[in-house]
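Undergrad: Please find one structure pasted underneath; my questions will follow.
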Amino acid sequence: MTVNESGTLPTAQVGVIVIGFNDAGHIRDAVRSALAQGPAVAEVIAVDDASTDGTAAILDELADGDPRLRVIHRAANSGGCGTPRNDGVRAATAPYVMFLDSDDTLPEGAVDALLAAALRHRAPVAAGLCVRRELPQRRDTGWQPALYRRAAVHSSPEARPALLRDTLCVNKLYARDFLTEHGIAFPEGRFLYEDFVFTARVMAAAPRVATVTDTVYVWHVRRDAAAPSMSLDRERIANWQARVAAHRRSVDVFLDAGSKPLARAARVKFLDHDLRMYVRELPLRSAGYRHAWWRVTRGYLAGYEEAELSAARPPARWIARVVLAAEAPRDLGRLAQLAARPARLLPPYAEDDAVPVWSADLPGAALDGVLGPEAVPPHHLPVTVDAELRLAARARARLRLRVHDLYGRLATIRPEAAEVELRRRDGGPVLRRAVPLADEGTAWTARVVLPLSVLAGRDRRDGAAPPQTWDVRVRVQCAGGAFRTTVRAVGGGLHRAALPSLRHGVLLARPYATVNGSLALRLASGVRGAWAVARR
């Protein structure tokens with residue numbers, strides 16, 4: 001079956017499987033978003049996993065109003081997401097199926113976009129962009145956006161191993177016959193990260209995969225929820241253990257299917273994504289969690305081949321080597337900075353027989369790719385600029401910069417100038433200042449004076465400009481080109497001050513370090529505006 005000559009999609013082709021447990025507050029929106037997809041949707045199958053709140057009644061009420069909705073009431077809770085999804089697939093009759101969680105929604109046109117791509121390319125799997133929507137701010141972030149920047153069709157996952165980076169099952173359309181023919185199902189019962197294993201089983205069956213640029217799924221992130229979602233509930237070591245177990249099982253799926261390239265791609269993805277995400281949070285965890293995490297991670301990484309470690313991006317493979325080299329957690333603050341995006345490799349920079357190492361007492365943790373013929377290009381190195389901001393008279397700020405070298409790599413391209421960029425966080429104007437860098441041997445320094453009255457903006461009628469937050473960024477200009485660096489807030493100037501200003505009367509300025517350690521500046525002007533901010 002294909003799209004007809006007029007471009008019209010055939011009707012009644014897709015079954016949307018909605019699963020929910022005790023989610024009366026959100027499941028109505030999820031089901032309605034599926035029914036609103038139009039005539040391409042043949043059926044919506046809602047599986048209530050033995051809820052004890054009003055979820056079941058809401059689903060029955062909705063089913064009375066639309067014959068396309070069928071409700072399955074499970075007698076006992078399954079403990080996970082896999083079993084109710086499998087129930088939905090078994091009950092489906094439409095040629096294609098999609099999955100939807102009760103607290104998420106499908107955006108308008110999602111089914112049509114995926115179905116059109118699947119039919120046009122005769123692909124049993126079609127995938128599109130999922131956005132993570134932070135609530136209540138409604139801030140959207142694309143999930144693995146590089147995979148969906150252009151429409152494409154891939155003959156198999158081995159032809160595009162990067163597809164393995166997207167382990168979600170919900171932003172995809174599947175031919176039901178394809179799932180049945182290959183016996184593809186979710187792990188049953190209480191199995192966390194069941195989508196890892198399901199997606200691995202799909203990709204191991206070597207389907208043709210079509211990708212679209214459309215947003216096809218909205219993943220709602222509610223960090224203040226009474227019961228956090230599995231992806232946000234990372235404070236317990238059991239979460240990391242479950243993630244490692246699911247990933248290990250996914251790799252076994254590829255190996256059992258005889259696809260060593262996909263097994264290797266999955267292992268590299270684990271380093272580049274999963275490992276870095278959890279390392280960023282290690283300094284926030286308890287000592288007991290850290291030791292348990294370190295033990296689990298070392299045990300898993302010990303099974304990696306050297307080629308798999310080397311195939312990961314430098315920050316990820318450096319982190320992995322430090323974990324393997326150290327028997328107990330260490331240097332967690334520095335590791336977390338290296339795991340950040342963008343990565344920062346902070347001093348000290350040690351060497352062992354002229355080979356870069358993490359530290360002098362960890363000679364086994366070599367920072368491969370820093371020196372030698374296979375070296376990472378200088379503009380790809382995790383170079384850090386230390387930025388110290390001190391407030392001064394006449395509503396000015398003095399910014400001192402220090403660009404750290406990395407084992408002499410920057411000296412080879414001769415840093416000459418720094419372009420300081422202050423970006424207003426609400427997407428407003430950008431202030432740029434270019435200053436020469438002074439060579440101090442192992443580092444380069446510069447000083448910049450910033451006009452705070454200009455940054456504060458225009459006053460309103462009540463004598464106050466709206467508070468503004470500015471993020472500090474730095475580009476380094478070298479003889480061989482320019483590259484962006486990360487910025488680290490340092491020094492003792494991170495305190496709030498009220499400054500007299502001819503333009504604003506009074507200006508409240510507060511430089512501070514962001515969550516990832518970068519430098520930002522908060523400004524409020526006018527007596528009323530400054531007082532309101534100070535009071536908060």
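Residues are named by chain letter and number: chains run A, B, ... in the order of the structure tokens, numbers start at 1 in each chain, and ligands are numbered from 1 in the order shown.
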Apply DSSP to the structure's backbone, then extract all residues of region 235-313 of chain A labelled helix (DSSP H, G or I) and return them as a PyMOL selection string.
TA: chain A and resi 237-256+260-284+287-301+306-311
Undergrad: Region 50-297 of chain A: which residues are strand (DSSP E) by DSSP, as a compact mmCIF listing (two decimals) with all heavy atoms, in the first residue's frame?
TA:
```txt
# COMPACT_ATOMS: atom_id res chain seq x y z
N LEU A 69 -11.93 4.20 20.01
CA LEU A 69 -11.20 3.95 21.25
C LEU A 69 -11.66 2.65 21.89
O LEU A 69 -12.85 2.47 22.18
CB LEU A 69 -11.40 5.12 22.23
CG LEU A 69 -10.77 4.95 23.62
CD1 LEU A 69 -9.26 4.75 23.52
CD2 LEU A 69 -11.09 6.15 24.51
N ARG A 70 -10.72 1.76 22.14
CA ARG A 70 -10.98 0.53 22.87
C ARG A 70 -10.14 0.54 24.13
O ARG A 70 -8.97 0.93 24.09
CB ARG A 70 -10.61 -0.70 22.02
CG ARG A 70 -11.58 -0.97 20.90
CD ARG A 70 -11.30 -2.30 20.26
NE ARG A 70 -10.10 -2.28 19.44
CZ ARG A 70 -9.28 -3.31 19.26
NH1 ARG A 70 -9.49 -4.43 19.91
NH2 ARG A 70 -8.23 -3.20 18.46
N VAL A 71 -10.71 0.09 25.21
CA VAL A 71 -10.03 0.11 26.50
C VAL A 71 -9.81 -1.32 26.99
O VAL A 71 -10.73 -2.14 26.97
CB VAL A 71 -10.84 0.90 27.55
CG1 VAL A 71 -10.08 0.95 28.87
CG2 VAL A 71 -11.13 2.31 27.05
N ILE A 72 -8.58 -1.58 27.41
CA ILE A 72 -8.23 -2.86 28.03
C ILE A 72 -7.93 -2.58 29.50
O ILE A 72 -7.05 -1.78 29.81
CB ILE A 72 -7.01 -3.50 27.35
CG1 ILE A 72 -7.32 -3.81 25.88
CG2 ILE A 72 -6.58 -4.77 28.09
CD1 ILE A 72 -6.11 -4.32 25.11
N HIS A 73 -8.68 -3.23 30.39
CA HIS A 73 -8.44 -3.07 31.82
C HIS A 73 -7.70 -4.30 32.34
O HIS A 73 -8.25 -5.40 32.38
CB HIS A 73 -9.78 -2.92 32.58
CG HIS A 73 -10.54 -1.68 32.22
ND1 HIS A 73 -10.11 -0.42 32.59
CD2 HIS A 73 -11.69 -1.49 31.51
CE1 HIS A 73 -10.97 0.49 32.14
NE2 HIS A 73 -11.93 -0.13 31.48
N TYR A 96 -0.34 -0.68 11.05
CA TYR A 96 0.79 -0.01 11.72
C TYR A 96 0.40 0.32 13.16
O TYR A 96 -0.78 0.55 13.47
CB TYR A 96 1.18 1.27 10.99
CG TYR A 96 1.71 1.06 9.59
CD1 TYR A 96 0.83 1.05 8.50
CD2 TYR A 96 3.06 0.85 9.35
CE1 TYR A 96 1.30 0.84 7.21
CE2 TYR A 96 3.55 0.64 8.06
CZ TYR A 96 2.65 0.63 7.01
OH TYR A 96 3.12 0.41 5.74
N VAL A 97 1.41 0.39 14.03
CA VAL A 97 1.16 0.76 15.42
C VAL A 97 2.16 1.82 15.87
O VAL A 97 3.28 1.91 15.36
CB VAL A 97 1.25 -0.46 16.37
CG1 VAL A 97 0.12 -1.44 16.08
CG2 VAL A 97 2.61 -1.14 16.29
N MET A 98 1.72 2.62 16.85
CA MET A 98 2.56 3.59 17.54
C MET A 98 2.30 3.45 19.03
O MET A 98 1.29 2.88 19.45
CB MET A 98 2.24 5.02 17.11
CG MET A 98 2.67 5.40 15.72
SD MET A 98 2.30 7.15 15.38
CE MET A 98 3.38 7.98 16.55
N PHE A 99 3.21 4.01 19.84
CA PHE A 99 3.06 3.95 21.29
C PHE A 99 3.00 5.36 21.86
O PHE A 99 3.71 6.27 21.39
CB PHE A 99 4.22 3.18 21.92
CG PHE A 99 4.33 1.76 21.42
CD1 PHE A 99 5.35 1.41 20.53
CD2 PHE A 99 3.43 0.80 21.81
CE1 PHE A 99 5.47 0.12 20.06
CE2 PHE A 99 3.54 -0.50 21.33
CZ PHE A 99 4.56 -0.85 20.46
N LEU A 100 2.18 5.53 22.89
CA LEU A 100 2.01 6.83 23.54
C LEU A 100 1.84 6.61 25.04
O LEU A 100 1.03 5.78 25.46
CB LEU A 100 0.78 7.54 22.97
CG LEU A 100 0.33 8.85 23.62
CD1 LEU A 100 1.41 9.91 23.54
CD2 LEU A 100 -0.97 9.35 22.97
N ASP A 101 2.62 7.32 25.84
CA ASP A 101 2.49 7.24 27.29
C ASP A 101 1.41 8.21 27.77
O ASP A 101 1.17 9.26 27.16
CB ASP A 101 3.82 7.57 27.97
CG ASP A 101 4.85 6.47 27.76
OD1 ASP A 101 4.48 5.36 27.30
OD2 ASP A 101 6.05 6.72 28.03
N VAL A 125 9.68 0.70 9.47
CA VAL A 125 9.89 1.59 10.61
C VAL A 125 10.06 3.02 10.09
O VAL A 125 10.85 3.25 9.17
CB VAL A 125 11.13 1.18 11.44
CG1 VAL A 125 11.33 2.16 12.61
CG2 VAL A 125 11.00 -0.24 11.96
N ALA A 126 9.31 3.95 10.68
CA ALA A 126 9.48 5.38 10.37
C ALA A 126 9.65 6.11 11.70
O ALA A 126 8.98 5.80 12.69
CB ALA A 126 8.28 5.92 9.61
N ALA A 127 10.54 7.09 11.72
CA ALA A 127 10.87 7.80 12.96
C ALA A 127 10.92 9.29 12.72
O ALA A 127 11.26 9.75 11.63
CB ALA A 127 12.21 7.31 13.52
N GLY A 128 10.58 10.05 13.77
CA GLY A 128 10.62 11.51 13.70
C GLY A 128 11.12 12.08 15.00
O GLY A 128 11.47 11.37 15.94
N LEU A 129 11.13 13.40 15.07
CA LEU A 129 11.72 14.09 16.22
C LEU A 129 10.79 14.04 17.43
O LEU A 129 9.60 14.30 17.33
CB LEU A 129 12.00 15.55 15.86
CG LEU A 129 12.63 16.40 16.97
CD1 LEU A 129 14.04 15.91 17.29
CD2 LEU A 129 12.65 17.87 16.58
N CYS A 130 11.37 13.72 18.58
CA CYS A 130 10.70 13.85 19.86
C CYS A 130 11.25 15.09 20.55
O CYS A 130 12.46 15.32 20.53
CB CYS A 130 10.95 12.61 20.73
SG CYS A 130 10.49 12.81 22.47
N VAL A 131 10.38 15.89 21.14
CA VAL A 131 10.85 17.04 21.91
C VAL A 131 10.53 16.80 23.39
O VAL A 131 9.46 16.30 23.74
CB VAL A 131 10.22 18.37 21.46
CG1 VAL A 131 10.63 18.70 20.04
CG2 VAL A 131 8.72 18.37 21.60
N ARG A 132 11.49 17.11 24.24
CA ARG A 132 11.30 17.09 25.69
C ARG A 132 10.78 18.46 26.10
O ARG A 132 11.47 19.47 25.91
CB ARG A 132 12.62 16.80 26.40
CG ARG A 132 13.08 15.36 26.29
CD ARG A 132 14.51 15.24 26.79
NE ARG A 132 14.70 15.82 28.10
CZ ARG A 132 14.74 15.13 29.24
NH1 ARG A 132 14.59 13.82 29.21
NH2 ARG A 132 14.94 15.72 30.39
N ARG A 133 9.58 18.50 26.64
CA ARG A 133 8.97 19.78 27.03
C ARG A 133 8.99 19.90 28.54
O ARG A 133 8.29 19.18 29.25
CB ARG A 133 7.55 19.88 26.50
CG ARG A 133 6.80 21.15 26.92
CD ARG A 133 5.55 21.34 26.10
NE ARG A 133 5.90 21.61 24.71
CZ ARG A 133 5.04 21.53 23.70
NH1 ARG A 133 3.77 21.19 23.93
NH2 ARG A 133 5.43 21.79 22.46
N GLU A 134 9.82 20.83 29.04
CA GLU A 134 9.90 21.08 30.47
C GLU A 134 8.66 21.85 30.91
O GLU A 134 8.34 22.91 30.35
CB GLU A 134 11.15 21.90 30.80
CG GLU A 134 12.46 21.19 30.49
CD GLU A 134 12.97 20.39 31.68
OE1 GLU A 134 12.34 20.46 32.75
OE2 GLU A 134 14.01 19.71 31.52
N LEU A 135 7.96 21.31 31.88
CA LEU A 135 6.76 21.95 32.40
C LEU A 135 7.00 22.41 33.84
O LEU A 135 7.70 21.74 34.59
CB LEU A 135 5.58 20.97 32.35
CG LEU A 135 5.15 20.51 30.95
CD1 LEU A 135 4.06 19.47 31.05
CD2 LEU A 135 4.70 21.69 30.11
N ARG A 139 9.52 24.75 27.93
CA ARG A 139 10.77 24.89 27.19
C ARG A 139 11.04 23.57 26.47
O ARG A 139 11.13 22.51 27.09
CB ARG A 139 11.91 25.24 28.13
CG ARG A 139 13.25 25.45 27.42
CD ARG A 139 14.31 25.96 28.36
NE ARG A 139 14.59 25.03 29.45
CZ ARG A 139 14.31 25.26 30.71
NH1 ARG A 139 13.70 26.38 31.07
NH2 ARG A 139 14.61 24.38 31.65
N ASP A 140 11.17 23.61 25.14
CA ASP A 140 11.33 22.41 24.33
C ASP A 140 12.79 22.17 23.95
O ASP A 140 13.50 23.11 23.58
CB ASP A 140 10.51 22.51 23.04
CG ASP A 140 9.02 22.40 23.30
OD1 ASP A 140 8.63 22.14 24.46
OD2 ASP A 140 8.23 22.57 22.35
N THR A 141 13.20 20.91 24.03
CA THR A 141 14.53 20.50 23.60
C THR A 141 14.40 19.26 22.74
O THR A 141 13.76 18.28 23.15
CB THR A 141 15.44 20.19 24.81
OG1 THR A 141 15.49 21.33 25.67
CG2 THR A 141 16.85 19.85 24.35
N GLY A 142 14.97 19.29 21.55
CA GLY A 142 14.89 18.13 20.67
C GLY A 142 15.71 16.96 21.20
O GLY A 142 16.80 17.15 21.75
N TRP A 143 15.19 15.75 21.03
CA TRP A 143 15.89 14.54 21.43
C TRP A 143 16.63 13.99 20.21
O TRP A 143 16.01 13.66 19.20
CB TRP A 143 14.89 13.51 21.97
CG TRP A 143 15.48 12.17 22.26
CD1 TRP A 143 15.39 11.05 21.47
CD2 TRP A 143 16.27 11.80 23.40
NE1 TRP A 143 16.06 10.01 22.06
CE2 TRP A 143 16.61 10.44 23.24
CE3 TRP A 143 16.70 12.49 24.53
CZ2 TRP A 143 17.38 9.76 24.18
CZ3 TRP A 143 17.47 11.81 25.46
CH2 TRP A 143 17.80 10.46 25.28
N ALA A 152 15.13 11.21 5.29
CA ALA A 152 16.05 10.24 4.69
C ALA A 152 15.44 8.86 4.78
O ALA A 152 14.48 8.62 5.52
CB ALA A 152 17.40 10.27 5.42
N VAL A 153 16.01 7.94 4.03
CA VAL A 153 15.64 6.53 4.13
C VAL A 153 16.93 5.73 4.19
O VAL A 153 17.86 5.98 3.41
CB VAL A 153 14.74 6.08 2.96
CG1 VAL A 153 15.43 6.31 1.61
CG2 VAL A 153 14.34 4.63 3.12
N HIS A 154 17.01 4.81 5.13
CA HIS A 154 18.22 4.02 5.35
C HIS A 154 17.90 2.55 5.09
O HIS A 154 16.89 2.02 5.59
CB HIS A 154 18.72 4.20 6.78
CG HIS A 154 18.87 5.65 7.16
ND1 HIS A 154 19.90 6.44 6.70
CD2 HIS A 154 18.10 6.46 7.94
CE1 HIS A 154 19.76 7.67 7.19
NE2 HIS A 154 18.68 7.71 7.94
N LYS A 172 8.16 6.61 16.93
CA LYS A 172 8.31 5.77 15.75
C LYS A 172 7.00 5.07 15.39
O LYS A 172 6.16 4.82 16.26
CB LYS A 172 9.41 4.73 15.98
CG LYS A 172 10.78 5.35 16.27
CD LYS A 172 11.81 4.31 16.62
CE LYS A 172 13.17 4.95 16.91
NZ LYS A 172 13.16 5.73 18.16
N LEU A 173 6.87 4.76 14.13
CA LEU A 173 5.74 3.99 13.60
C LEU A 173 6.28 2.64 13.15
O LEU A 173 7.33 2.57 12.51
CB LEU A 173 5.12 4.74 12.42
CG LEU A 173 3.96 4.07 11.70
CD1 LEU A 173 2.66 4.32 12.48
CD2 LEU A 173 3.81 4.61 10.27
N TYR A 174 5.55 1.55 13.48
CA TYR A 174 6.03 0.20 13.16
C TYR A 174 4.96 -0.55 12.37
O TYR A 174 3.77 -0.49 12.71
CB TYR A 174 6.31 -0.59 14.44
CG TYR A 174 7.20 0.12 15.44
CD1 TYR A 174 6.65 0.93 16.43
CD2 TYR A 174 8.58 -0.02 15.40
CE1 TYR A 174 7.45 1.59 17.35
CE2 TYR A 174 9.40 0.63 16.32
CZ TYR A 174 8.82 1.44 17.28
OH TYR A 174 9.62 2.08 18.20
N ALA A 175 5.40 -1.27 11.35
CA ALA A 175 4.50 -2.19 10.65
C ALA A 175 4.23 -3.37 11.58
O ALA A 175 5.17 -4.03 12.04
CB ALA A 175 5.12 -2.65 9.34
N VAL A 209 14.58 1.96 7.37
CA VAL A 209 14.11 2.97 8.31
C VAL A 209 14.00 4.31 7.58
O VAL A 209 14.96 4.78 6.98
CB VAL A 209 15.07 3.12 9.51
CG1 VAL A 209 14.56 4.19 10.47
CG2 VAL A 209 15.23 1.78 10.24
N ALA A 210 12.81 4.90 7.65
CA ALA A 210 12.59 6.23 7.07
C ALA A 210 12.55 7.25 8.21
O ALA A 210 11.93 7.00 9.24
CB ALA A 210 11.29 6.26 6.28
N THR A 211 13.21 8.38 8.02
CA THR A 211 13.17 9.45 9.03
C THR A 211 12.54 10.69 8.44
O THR A 211 12.69 10.98 7.25
CB THR A 211 14.58 9.79 9.55
OG1 THR A 211 15.41 10.21 8.45
CG2 THR A 211 15.21 8.58 10.22
N VAL A 212 11.81 11.44 9.28
CA VAL A 212 11.17 12.68 8.86
C VAL A 212 11.65 13.82 9.75
O VAL A 212 12.15 13.59 10.86
CB VAL A 212 9.63 12.56 8.93
CG1 VAL A 212 9.13 11.44 8.05
CG2 VAL A 212 9.16 12.35 10.37
N THR A 213 11.48 15.03 9.29
CA THR A 213 11.92 16.19 10.06
C THR A 213 10.84 16.69 11.02
O THR A 213 11.12 17.55 11.86
CB THR A 213 12.32 17.34 9.11
OG1 THR A 213 11.18 17.69 8.31
CG2 THR A 213 13.47 16.92 8.20
N ASP A 214 9.65 16.17 10.91
CA ASP A 214 8.53 16.63 11.73
C ASP A 214 8.71 16.23 13.20
O ASP A 214 9.30 15.20 13.51
CB ASP A 214 7.22 16.03 11.23
CG ASP A 214 6.99 16.26 9.76
OD1 ASP A 214 7.75 15.70 8.95
OD2 ASP A 214 6.04 16.97 9.41
N THR A 215 8.17 17.07 14.09
CA THR A 215 8.05 16.69 15.49
C THR A 215 6.86 15.75 15.62
O THR A 215 5.72 16.13 15.29
CB THR A 215 7.85 17.91 16.38
OG1 THR A 215 9.00 18.75 16.29
CG2 THR A 215 7.64 17.51 17.84
N VAL A 216 7.07 14.54 16.09
CA VAL A 216 6.02 13.53 16.12
C VAL A 216 5.66 13.08 17.53
O VAL A 216 4.76 12.26 17.71
CB VAL A 216 6.42 12.30 15.27
CG1 VAL A 216 6.67 12.69 13.82
CG2 VAL A 216 7.64 11.61 15.86
N TYR A 217 6.36 13.62 18.54
CA TYR A 217 6.05 13.20 19.91
C TYR A 217 6.47 14.32 20.86
O TYR A 217 7.54 14.92 20.69
CB TYR A 217 6.80 11.92 20.27
CG TYR A 217 6.27 11.21 21.50
CD1 TYR A 217 5.23 10.29 21.40
CD2 TYR A 217 6.80 11.47 22.75
CE1 TYR A 217 4.73 9.63 22.52
CE2 TYR A 217 6.30 10.82 23.88
CZ TYR A 217 5.27 9.90 23.76
OH TYR A 217 4.78 9.26 24.87
N VAL A 218 5.64 14.58 21.86
CA VAL A 218 5.96 15.57 22.90
C VAL A 218 6.07 14.84 24.22
O VAL A 218 5.09 14.32 24.76
CB VAL A 218 4.90 16.68 22.98
CG1 VAL A 218 5.27 17.68 24.07
CG2 VAL A 218 4.75 17.39 21.63
N TRP A 219 7.29 14.79 24.73
CA TRP A 219 7.62 14.11 25.98
C TRP A 219 7.57 15.16 27.09
O TRP A 219 8.40 16.06 27.15
CB TRP A 219 9.01 13.50 25.83
CG TRP A 219 9.64 12.89 27.03
CD1 TRP A 219 9.10 12.74 28.27
CD2 TRP A 219 10.95 12.32 27.09
NE1 TRP A 219 9.99 12.12 29.11
CE2 TRP A 219 11.14 11.84 28.41
CE3 TRP A 219 11.98 12.17 26.17
CZ2 TRP A 219 12.31 11.24 28.82
CZ3 TRP A 219 13.15 11.55 26.57
CH2 TRP A 219 13.32 11.09 27.88
N HIS A 220 6.59 15.06 27.96
CA HIS A 220 6.42 16.03 29.03
C HIS A 220 7.31 15.68 30.21
O HIS A 220 7.23 14.58 30.75
CB HIS A 220 4.96 16.09 29.47
CG HIS A 220 4.05 16.70 28.44
ND1 HIS A 220 2.81 16.19 28.13
CD2 HIS A 220 4.22 17.78 27.63
CE1 HIS A 220 2.25 16.93 27.19
NE2 HIS A 220 3.09 17.89 26.87
N VAL A 221 8.13 16.64 30.60
CA VAL A 221 9.05 16.46 31.73
C VAL A 221 8.52 17.28 32.90
O VAL A 221 8.54 18.51 32.88
CB VAL A 221 10.48 16.91 31.36
CG1 VAL A 221 11.42 16.73 32.55
CG2 VAL A 221 10.98 16.11 30.15
N ARG A 222 8.04 16.57 33.92
CA ARG A 222 7.48 17.23 35.11
C ARG A 222 8.38 16.91 36.30
O ARG A 222 8.22 15.90 36.97
CB ARG A 222 6.06 16.74 35.36
CG ARG A 222 5.07 17.08 34.25
CD ARG A 222 3.69 16.50 34.51
NE ARG A 222 2.71 16.94 33.53
CZ ARG A 222 2.46 16.29 32.39
NH1 ARG A 222 3.13 15.18 32.11
NH2 ARG A 222 1.56 16.75 31.55
```
Undergrad: What gap, in Å, lies between CA of Arg510 (chain A) and CA of Ala497 (chain A)?
TA: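 Value for the CA of Arg510 (chain A)-CA of Ala497 (chain A) distance: 6.6 Å.
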Undergrad: So that I can see what lies close to Thr412 (chain A), please list as a list in words the residues with an atom at most 12 Å from it, counting only C-alpha atoms and leaving out residues fewer than 2 positions away in the same chain.
TA: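 Skipping anything fewer than 2 positions along the chain leaves Leu371, Pro377, Pro378, His379, Asp405, Leu406, Tyr407, Gly408, Arg409, Leu410, Arg414, Pro415, Glu416, Thr442, Cys478, Ala479, Gly480 and Gly481 of chain A.
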Undergrad: Neighbours of Tyr278 (chain A) within 9 Å (only C-alpha atoms; same-chain residues fewer than 3 positions away dropped), as a list in words?
TA: Arg234, Trp240, His273, Asp274, Leu275, Glu281, Leu282, Ala336 and Ala339 of chain A
Undergrad: Any idea what's packed within 9 Å of Leu163 (chain A), counting only C-alpha atoms, ignoring anything in its chain fewer than 5 positions away? Could you give it as a PyMOL selection string?
TA: chain A and resi 147+157-158+203
Undergrad: With all heavy atoms retained, export the selected residues as a tab-separated table (two decimals), in the first residue's frame.
TA:
```tsv
chain	number	residue	atom	x	y	z
A	147	LEU	N	19.59	13.41	14.04
A	147	LEU	CA	19.05	12.32	13.24
A	147	LEU	C	17.88	12.76	12.37
A	147	LEU	O	17.52	12.06	11.41
A	147	LEU	CB	18.60	11.17	14.14
A	147	LEU	CG	19.68	10.46	14.95
A	147	LEU	CD1	19.03	9.43	15.88
A	147	LEU	CD2	20.68	9.78	14.03
A	157	PRO	N	19.77	-0.40	9.71
A	157	PRO	CA	20.51	0.32	10.75
A	157	PRO	C	22.02	0.22	10.60
A	157	PRO	O	22.74	1.15	11.00
A	157	PRO	CB	20.02	-0.35	12.04
A	157	PRO	CG	18.65	-0.82	11.71
A	157	PRO	CD	18.74	-1.29	10.28
A	158	GLU	N	22.53	-0.88	10.06
A	158	GLU	CA	23.99	-0.97	9.87
A	158	GLU	C	24.49	0.08	8.89
A	158	GLU	O	25.64	0.48	8.95
A	158	GLU	CB	24.38	-2.37	9.41
A	158	GLU	CG	24.37	-3.41	10.53
A	158	GLU	CD	25.17	-4.65	10.16
A	158	GLU	OE1	25.80	-4.66	9.08
A	158	GLU	OE2	25.16	-5.61	10.96
A	203	MET	N	15.95	-2.89	15.65
A	203	MET	CA	17.09	-2.59	14.80
A	203	MET	C	17.86	-3.85	14.40
A	203	MET	O	18.42	-3.93	13.31
A	203	MET	CB	18.02	-1.60	15.51
A	203	MET	CG	17.39	-0.25	15.79
A	203	MET	SD	16.84	0.57	14.26
A	203	MET	CE	16.03	2.03	14.92
```
Undergrad: For Asn516 (chain A), which of A:Ala206, A:Val170, A:Val251, A:Ala340 is the closest residue, counting only C-alpha atoms?
TA: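 Closest to Asn516 (chain A), using only C-alpha atoms: A:Ala340.
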Undergrad: Show me, as a list in words, the residues that have an atom within 10 Å of Gln468 (chain A) when counting only C-alpha atoms, minus same-chain residues fewer than 6 positions from it.
TA: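 Final neighbour list, sorted by chain and number: Arg424, Arg425, Asp426, Gly428, Leu455, Ala456, Gly457, Ala509, Leu521, Arg522, Leu523, Ala524 and Ser525 of chain A.
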Undergrad: I want to know what sits within 12 Å of Glu235 (chain A), based on only C-alpha atoms, with residues of the same chain fewer than 6 positions away left out; could you give that as a ChimeraX atom specification?
TA: /A:228-229,241,278,281-286,288-290,293
Undergrad: Deliver the residues from the most recent selection as a file, using N, CA and C atoms, as a tab-separated table (two decimals), in the first residue's frame.
TA:
```tsv
chain	number	residue	atom	x	y	z
A	228	PRO	N	8.21	10.87	40.28
A	228	PRO	CA	8.99	11.22	39.09
A	228	PRO	C	9.06	10.07	38.10
A	229	SER	N	9.14	10.42	36.81
A	229	SER	CA	9.27	9.39	35.79
A	229	SER	C	10.61	8.67	35.95
A	241	GLN	N	21.77	0.64	37.97
A	241	GLN	CA	21.91	-0.80	37.78
A	241	GLN	C	20.93	-1.30	36.71
A	278	TYR	N	25.28	10.41	33.76
A	278	TYR	CA	25.30	10.06	35.18
A	278	TYR	C	26.55	10.61	35.88
A	281	GLU	N	26.23	14.03	37.40
A	281	GLU	CA	25.46	14.13	38.64
A	281	GLU	C	26.16	13.50	39.84
A	282	LEU	N	27.30	12.84	39.63
A	282	LEU	CA	27.97	12.13	40.72
A	282	LEU	C	28.33	13.03	41.92
A	283	PRO	N	28.81	14.26	41.71
A	283	PRO	CA	29.15	15.08	42.88
A	283	PRO	C	27.95	15.37	43.78
A	284	LEU	N	26.74	15.23	43.25
A	284	LEU	CA	25.54	15.52	44.03
A	284	LEU	C	25.06	14.33	44.85
A	285	ARG	N	25.63	13.16	44.61
A	285	ARG	CA	25.14	11.94	45.24
A	285	ARG	C	25.86	11.65	46.56
A	286	SER	N	25.29	10.74	47.35
A	286	SER	CA	25.88	10.35	48.63
A	286	SER	C	27.12	9.51	48.40
A	288	GLY	N	27.73	6.61	49.64
A	288	GLY	CA	27.34	5.23	49.37
A	288	GLY	C	26.95	5.02	47.93
A	289	TYR	N	26.19	5.98	47.37
A	289	TYR	CA	25.81	5.89	45.96
A	289	TYR	C	27.04	5.91	45.07
A	290	ARG	N	27.97	6.82	45.35
A	290	ARG	CA	29.16	6.96	44.50
A	290	ARG	C	29.97	5.67	44.45
A	293	TRP	N	28.00	3.08	42.49
A	293	TRP	CA	28.01	3.43	41.06
A	293	TRP	C	29.37	3.09	40.45
```
Undergrad: Find, counting only C-alpha atoms, the residue in A:Ala311, A:Ala266, A:Ala92, A:Ala257 that gets nearest to Asp166 (chain A).
TA: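 Among the listed residues, the smallest separation from Asp166 (chain A) belongs to A:Ala266.
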